[in-house]
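Q: Input: one structure, supplied below.
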Amino acid sequence: MLLSKKTLSPDRIKELNSFAKGISIKFSNLNLLQLAFTHRSFSNEGNAKKSENNERLEFLGDSVLGMATATYLYEHFYENPEGDLAKIKSFVVSEQSLGPIGLKIGIDKMLILGKGEEMSGGRTKRAILADAVEAVIGAYYLDSGYKAAEKLVLSFMIPAIENYMSDKGAKDYKSMLQEAHQKKYKTVPVYELVKESGPDHDRTFWVTVHLKNASYGPESGKTKKEAEQNVAQKACLELGLKN
């Protein structure tokens with residue numbers, strides 16, 4: 001069930017239209033876009049029905065994102081084997097890539113959060129931003145169809161793919177961290193899964209990495225491997241490690 005139209009104030013309608021214009025799209029049904037920004041923490045606190053959050057749109061948008069990205073890679077990287085395509089796709093559709101995209105397009109300012117999540121800095125949490133990007137894609141797919149949604153996805157993904165291919169995003173931080181740590185201390189980093197959250201179809205994993213003299217994290221990811229890469233990236237950046 002969608003949020004009712006009467007819940008959208010004139011100011012909110014203006015904000016939603018401004019957001020859509022900023023990414024060169026237009027919604028016929030602004031209630032879908034409103035729903036895409038509604039985090040489960042808002043409905044969990046009794047501010048809306050339990051179903052009135054963006055999780056189902058995120059589920060749908062994830063599939064549209066994956067299909068559009070995979071098709072683009074198949075059609076434009078015809079000399080690359082399946083393994084290369086899978087690696088590129090895995091990175092560009094990851095939380096690590098989508099979170100910054102969400103910030104860039106202003107999703108942080110549009111989110112509807114519960115008080116607890118708002119107080120804990122939810123507007124800048126990479127997982128929440130990435131999920132909302134997928135929810136916006138799902139909402140636009142329902143509103144305007146696959147071709148329009150594909151165009152939106154590629155406006156995000158083509159720059160992300162180009163960024164990856166230029167090696168700005170393709171670093172293997174786990175390998176980088178292990179090589180540096182092993183060289184200095186003759187031991188390897190130890191990754192610890194400290195938390196899992198979310199439903200079975202959409203788990204989020206939180207991992208901490210332990211080095212000889214320090215620990216970093218936890219950082220999150222949609223898979224354990226992604227969470228390990230994210231926390232390794234954090235450790236590399238704080239330690240000043242570079243390729």
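By convention here, the chains of the structure tokens are called A, B, ... in the order presented, each chain's residues are numbered starting at 1, and ligands are numbered starting at 1 in the order presented.
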Write out as a compact mmCIF listing (two decimals) with N, CA, C and O atoms, in the first residue's frame which residues come within 12 Å of A:Leu241 when counting only C-alpha atoms, dropping same-chain ones fewer than 6 positions away.
A:
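Saved to around-v7.txt:
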```txt
# COMPACT_ATOMS: atom_id res chain seq x y z
N LYS A 171 40.54 -1.10 -6.38
CA LYS A 171 41.57 -1.59 -5.48
C LYS A 171 41.06 -2.77 -4.67
O LYS A 171 39.94 -2.77 -4.17
N ASP A 172 41.91 -3.77 -4.51
CA ASP A 172 41.61 -4.89 -3.64
C ASP A 172 42.21 -4.55 -2.28
O ASP A 172 43.39 -4.81 -2.02
N TYR A 173 41.40 -3.94 -1.43
CA TYR A 173 41.92 -3.43 -0.17
C TYR A 173 42.35 -4.56 0.78
O TYR A 173 43.27 -4.38 1.58
N LYS A 174 41.69 -5.71 0.70
CA LYS A 174 42.09 -6.82 1.57
C LYS A 174 43.51 -7.27 1.24
O LYS A 174 44.33 -7.50 2.14
N SER A 175 43.80 -7.39 -0.05
CA SER A 175 45.15 -7.80 -0.45
C SER A 175 46.18 -6.74 -0.07
O SER A 175 47.28 -7.06 0.41
N MET A 176 45.81 -5.47 -0.28
CA MET A 176 46.71 -4.37 0.04
C MET A 176 47.06 -4.38 1.54
O MET A 176 48.22 -4.24 1.94
N LEU A 177 46.02 -4.53 2.37
CA LEU A 177 46.22 -4.54 3.81
C LEU A 177 47.04 -5.75 4.25
O LEU A 177 47.95 -5.62 5.08
N GLN A 178 46.73 -6.91 3.68
CA GLN A 178 47.45 -8.11 4.06
C GLN A 178 48.93 -8.03 3.70
O GLN A 178 49.80 -8.40 4.50
N GLU A 179 49.21 -7.55 2.50
CA GLU A 179 50.61 -7.45 2.08
C GLU A 179 51.41 -6.53 2.98
O GLU A 179 52.53 -6.84 3.39
N ALA A 180 50.82 -5.37 3.31
CA ALA A 180 51.52 -4.40 4.16
C ALA A 180 51.70 -4.93 5.57
O ALA A 180 52.78 -4.80 6.18
N HIS A 181 50.66 -5.55 6.10
CA HIS A 181 50.71 -6.04 7.49
C HIS A 181 51.65 -7.23 7.62
O HIS A 181 52.42 -7.34 8.58
N ALA A 232 38.52 -3.28 5.32
CA ALA A 232 39.93 -3.23 4.90
C ALA A 232 40.24 -1.88 4.27
O ALA A 232 41.32 -1.32 4.49
N GLN A 233 39.29 -1.35 3.50
CA GLN A 233 39.47 -0.02 2.92
C GLN A 233 39.63 1.02 4.01
O GLN A 233 40.50 1.91 3.93
N LYS A 234 38.79 0.94 5.03
CA LYS A 234 38.87 1.90 6.15
C LYS A 234 40.25 1.82 6.81
O LYS A 234 40.88 2.86 7.09
N ALA A 235 40.74 0.60 7.04
CA ALA A 235 42.05 0.43 7.68
C ALA A 235 43.16 0.98 6.78
O ALA A 235 44.06 1.67 7.26
```
Q: Got a sec: who's within 8 Å of stretch 189-195 of chain A, counting only C-alpha atoms, leaving out chain neighbours fewer than 2 positions off, as a PyMOL selection string?
A: chain A and resi 177-178+181+187+197+205-212+218+224+228
Q: In terms of the shortest atom-to-atom distance over only C-alpha atoms, which of A:Glu162, A:Asp62, A:Asp200, A:Glu134 is closest to A:Ile107?
A: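 Under the stated criterion, the closest residue is A:Glu134.
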Q: Got a sec: who's within 8 Å of A:Leu30, counting only C-alpha atoms, leaving out chain neighbours fewer than 4 positions off, as an mmCIF file with all heavy atoms, in the first residue's frame?
A:
```cif
data_model
loop_
_atom_site.group_PDB
_atom_site.id
_atom_site.type_symbol
_atom_site.label_atom_id
_atom_site.label_comp_id
_atom_site.auth_asym_id
_atom_site.auth_seq_id
_atom_site.Cartn_x
_atom_site.Cartn_y
_atom_site.Cartn_z
ATOM 1 N N ILE A 13 5.895 18.058 -1.744
ATOM 2 C CA ILE A 13 5.727 17.858 -3.184
ATOM 3 C C ILE A 13 6.790 18.644 -3.950
ATOM 4 O O ILE A 13 7.391 18.132 -4.903
ATOM 5 C CB ILE A 13 4.312 18.290 -3.622
ATOM 6 C CG1 ILE A 13 3.274 17.299 -3.076
ATOM 7 C CG2 ILE A 13 4.212 18.382 -5.139
ATOM 8 C CD1 ILE A 13 1.836 17.730 -3.289
ATOM 9 N N LEU A 16 10.125 16.806 -3.552
ATOM 10 C CA LEU A 16 10.178 15.585 -4.361
ATOM 11 C C LEU A 16 10.379 15.908 -5.838
ATOM 12 O O LEU A 16 11.180 15.265 -6.523
ATOM 13 C CB LEU A 16 8.902 14.769 -4.158
ATOM 14 C CG LEU A 16 8.720 14.142 -2.767
ATOM 15 C CD1 LEU A 16 7.297 13.616 -2.610
ATOM 16 C CD2 LEU A 16 9.731 13.033 -2.524
ATOM 17 N N ASN A 17 9.650 16.884 -6.332
ATOM 18 C CA ASN A 17 9.800 17.283 -7.731
ATOM 19 C C ASN A 17 11.196 17.844 -8.001
ATOM 20 O O ASN A 17 11.777 17.597 -9.061
ATOM 21 C CB ASN A 17 8.738 18.325 -8.104
ATOM 22 C CG ASN A 17 7.387 17.698 -8.397
ATOM 23 O OD1 ASN A 17 7.305 16.617 -8.969
ATOM 24 N ND2 ASN A 17 6.314 18.381 -8.011
ATOM 25 N N GLN A 34 8.034 9.189 -2.566
ATOM 26 C CA GLN A 34 7.978 9.399 -1.112
ATOM 27 C C GLN A 34 8.248 8.091 -0.381
ATOM 28 O O GLN A 34 9.019 8.041 0.597
ATOM 29 C CB GLN A 34 6.598 9.946 -0.723
ATOM 30 C CG GLN A 34 6.338 10.072 0.771
ATOM 31 C CD GLN A 34 6.941 11.322 1.390
ATOM 32 O OE1 GLN A 34 7.859 11.912 0.840
ATOM 33 N NE2 GLN A 34 6.430 11.710 2.542
#
```
Q: Can you list, as a PyMOL selection string, every protein, DNA or RNA residue that comes within 12 Å of stretch 25-29 of chain A when you count only C-alpha atoms, leaving out same-chain residues fewer than 2 positions away?
A: chain A and resi 2-5+8+13+16-23+31-36+136-137+139-145+148-153+155
Q: Could the residues in this selection be saved with C-alpha atoms as an mmCIF file, in the first residue's frame?
A:
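That gives us part05.cif:
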```cif
data_model
loop_
_atom_site.group_PDB
_atom_site.id
_atom_site.type_symbol
_atom_site.label_atom_id
_atom_site.label_comp_id
_atom_site.auth_asym_id
_atom_site.auth_seq_id
_atom_site.Cartn_x
_atom_site.Cartn_y
_atom_site.Cartn_z
ATOM 1 C CA LEU A 2 1.296 3.440 -0.917
ATOM 2 C CA LEU A 3 1.355 6.449 1.323
ATOM 3 C CA SER A 4 -1.815 8.438 0.786
ATOM 4 C CA LYS A 5 -1.639 11.589 -1.276
ATOM 5 C CA LEU A 8 2.210 14.993 1.036
ATOM 6 C CA ILE A 13 5.727 17.858 -3.184
ATOM 7 C CA LEU A 16 10.178 15.585 -4.361
ATOM 8 C CA ASN A 17 9.800 17.283 -7.731
ATOM 9 C CA SER A 18 13.069 19.146 -7.193
ATOM 10 C CA PHE A 19 14.888 15.898 -6.406
ATOM 11 C CA ALA A 20 13.473 14.202 -9.497
ATOM 12 C CA LYS A 21 14.422 17.165 -11.677
ATOM 13 C CA GLY A 22 17.953 17.040 -10.275
ATOM 14 C CA ILE A 23 18.464 13.548 -11.707
ATOM 15 C CA ASN A 31 3.745 8.797 -3.559
ATOM 16 C CA LEU A 32 6.075 6.144 -4.975
ATOM 17 C CA LEU A 33 9.044 8.460 -4.651
ATOM 18 C CA GLN A 34 7.978 9.399 -1.112
ATOM 19 C CA LEU A 35 7.847 5.717 -0.234
ATOM 20 C CA ALA A 36 11.339 5.187 -1.671
ATOM 21 C CA VAL A 136 14.300 5.099 -6.038
ATOM 22 C CA ILE A 137 15.157 2.888 -9.024
ATOM 23 C CA ALA A 139 9.891 3.351 -7.655
ATOM 24 C CA TYR A 140 10.797 4.839 -11.024
ATOM 25 C CA TYR A 141 10.459 1.448 -12.686
ATOM 26 C CA LEU A 142 6.909 1.132 -11.356
ATOM 27 C CA ASP A 143 6.111 4.719 -12.306
ATOM 28 C CA SER A 144 7.609 4.909 -15.787
ATOM 29 C CA GLY A 145 8.604 1.427 -16.963
ATOM 30 C CA ALA A 148 13.062 4.816 -18.314
ATOM 31 C CA ALA A 149 14.445 3.048 -15.233
ATOM 32 C CA GLU A 150 17.292 1.585 -17.296
ATOM 33 C CA LYS A 151 18.243 5.072 -18.472
ATOM 34 C CA LEU A 152 18.310 6.257 -14.858
ATOM 35 C CA VAL A 153 20.427 3.293 -13.771
ATOM 36 C CA SER A 155 23.273 7.557 -15.578
#
```
Q: Which parts of stretch 141-224 of chain A does DSSP call strand (DSSP E) when run on the backbone here, written out as a list in words?
A: Val190, Tyr191, Glu192, Leu193, Val194, Lys195, Glu196, Ser197, Thr204, Phe205, Trp206, Val207, Thr208, Val209, His210, Ser215, Tyr216, Gly217, Pro218, Glu219, Ser220 and Gly221 of chain A
Q: Rank nothing, just name the residue among A:Lys89, A:Arg12, A:Lys115, A:His39 nearest to A:Ala160, using only C-alpha atoms.
A: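 Checking each candidate against A:Ala160, we get A:Lys89 as the closest.
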